[in-house]
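Heads up: the structure comes next, in structure tokens.
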Amino acid sequence: MPDHKRLCIISTGKAMPHFLAGKGPEEAGGVEVQLSLLVRYLLERSWEIEFVVQQFDGVGESQTEGLRMIPVRERPGGIPGLRFLTHTLRANWVALAESDADVYLKSGIGWQAGLLAWWCQRHGKRFVFWSASRTDRCALTGGALA
């Protein structure tokens, strides 16, 4: 792998941008703490980190010491039921297009994991799925928890 290594993490929970901006840990849970430990470790090893995060007041796109936040800019409005397709998916796709990482990571199963896997396949990027719980494992194995 080249000297220039970049990881993009998609984490659009409401707590993550607060946590990255230093307004946690009272606003953060387990995944935020786990990701922050991973980020600290990788930053010490010369990785650049990008986070696709939920946009909130006070945080636009920002970059500090190898860490860049890319907010998902979802426009208001839309038809209920179709809004997911016309607004939410598109806003996440646009945020991913702002990243040029070598590796993309998603913690926890859900539609964003599927979107990110598809994104990586289409763009020849590496995708890492981080299983966050036994529930994720159950979903991936078709119901078996063993």
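If you're wondering about the labels, chains in the structure tokens are A, B, ... by order shown, residues count from 1 in each chain, ligands from 1 in order shown.
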As a PyMOL selection string, please: all residues of stretch 3-138 of chain A that backbone DSSP puts in strand (DSSP E). chain A and resi 5-10+47-54+62-64+67-72+103-107+126-130
Could you give me, as a CSV table (one decimal) with C-alpha atoms, in the first residue's frame, each residue of stretch 81-132 of chain A that DSSP assigns to helix (DSSP H, G or I) when run on this structure's backbone?
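In the end it all went to out_24.csv:
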chain,number,residue,atom,x,y,z
A,83,ARG,CA,-38.1,10.6,0.2
A,84,PHE,CA,-35.7,7.8,1.1
A,85,LEU,CA,-35.0,7.2,-2.6
A,86,THR,CA,-35.1,10.8,-3.8
A,87,HIS,CA,-33.3,12.5,-0.9
A,88,THR,CA,-31.6,10.2,1.6
A,89,LEU,CA,-29.9,7.8,-0.8
A,90,ARG,CA,-28.8,10.6,-3.1
A,91,ALA,CA,-27.4,12.7,-0.3
A,92,ASN,CA,-25.4,9.8,1.0
A,93,TRP,CA,-24.1,9.0,-2.5
A,94,VAL,CA,-23.0,12.6,-3.0
A,95,ALA,CA,-21.2,12.6,0.3
A,96,LEU,CA,-19.3,9.4,-0.7
A,97,ALA,CA,-18.4,11.0,-4.0
A,111,TRP,CA,-29.0,0.0,4.3
A,112,GLN,CA,-25.8,2.2,4.5
A,113,ALA,CA,-23.7,-1.0,4.6
A,114,GLY,CA,-25.3,-2.1,1.4
A,115,LEU,CA,-24.9,1.3,-0.2
A,116,LEU,CA,-21.3,1.4,0.8
A,117,ALA,CA,-20.5,-2.1,-0.5
A,118,TRP,CA,-22.1,-1.2,-3.8
A,119,TRP,CA,-20.2,2.1,-3.9
A,120,CYS,CA,-16.9,0.3,-3.3
A,121,GLN,CA,-17.6,-2.4,-5.9
A,122,ARG,CA,-18.5,0.3,-8.6
A,123,HIS,CA,-15.4,2.3,-7.8
So that I can check the surroundings of A:Trp130, please list as a list in words every protein, DNA and RNA residue that reaches within 10 Å of it, counting only C-alpha atoms and ignoring chain neighbours fewer than 6 positions away.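 What passes the distance filter is Leu105, Lys106, Ser107, Gly108, Ile109, Ala113 and Asp136 of chain A.
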If we count only C-alpha atoms, what is near stretch 44-54 of chain A at a cut-off of 6 Å, once residues fewer than 4 positions away on the same chain are taken out, given as a PyMOL selection string? chain A and resi 5-12+66-72
Just give me the gap between atom CA of A:Gly124 and atom CA of A:Arg73 in Å, one decimal is fine. 24.6 Å
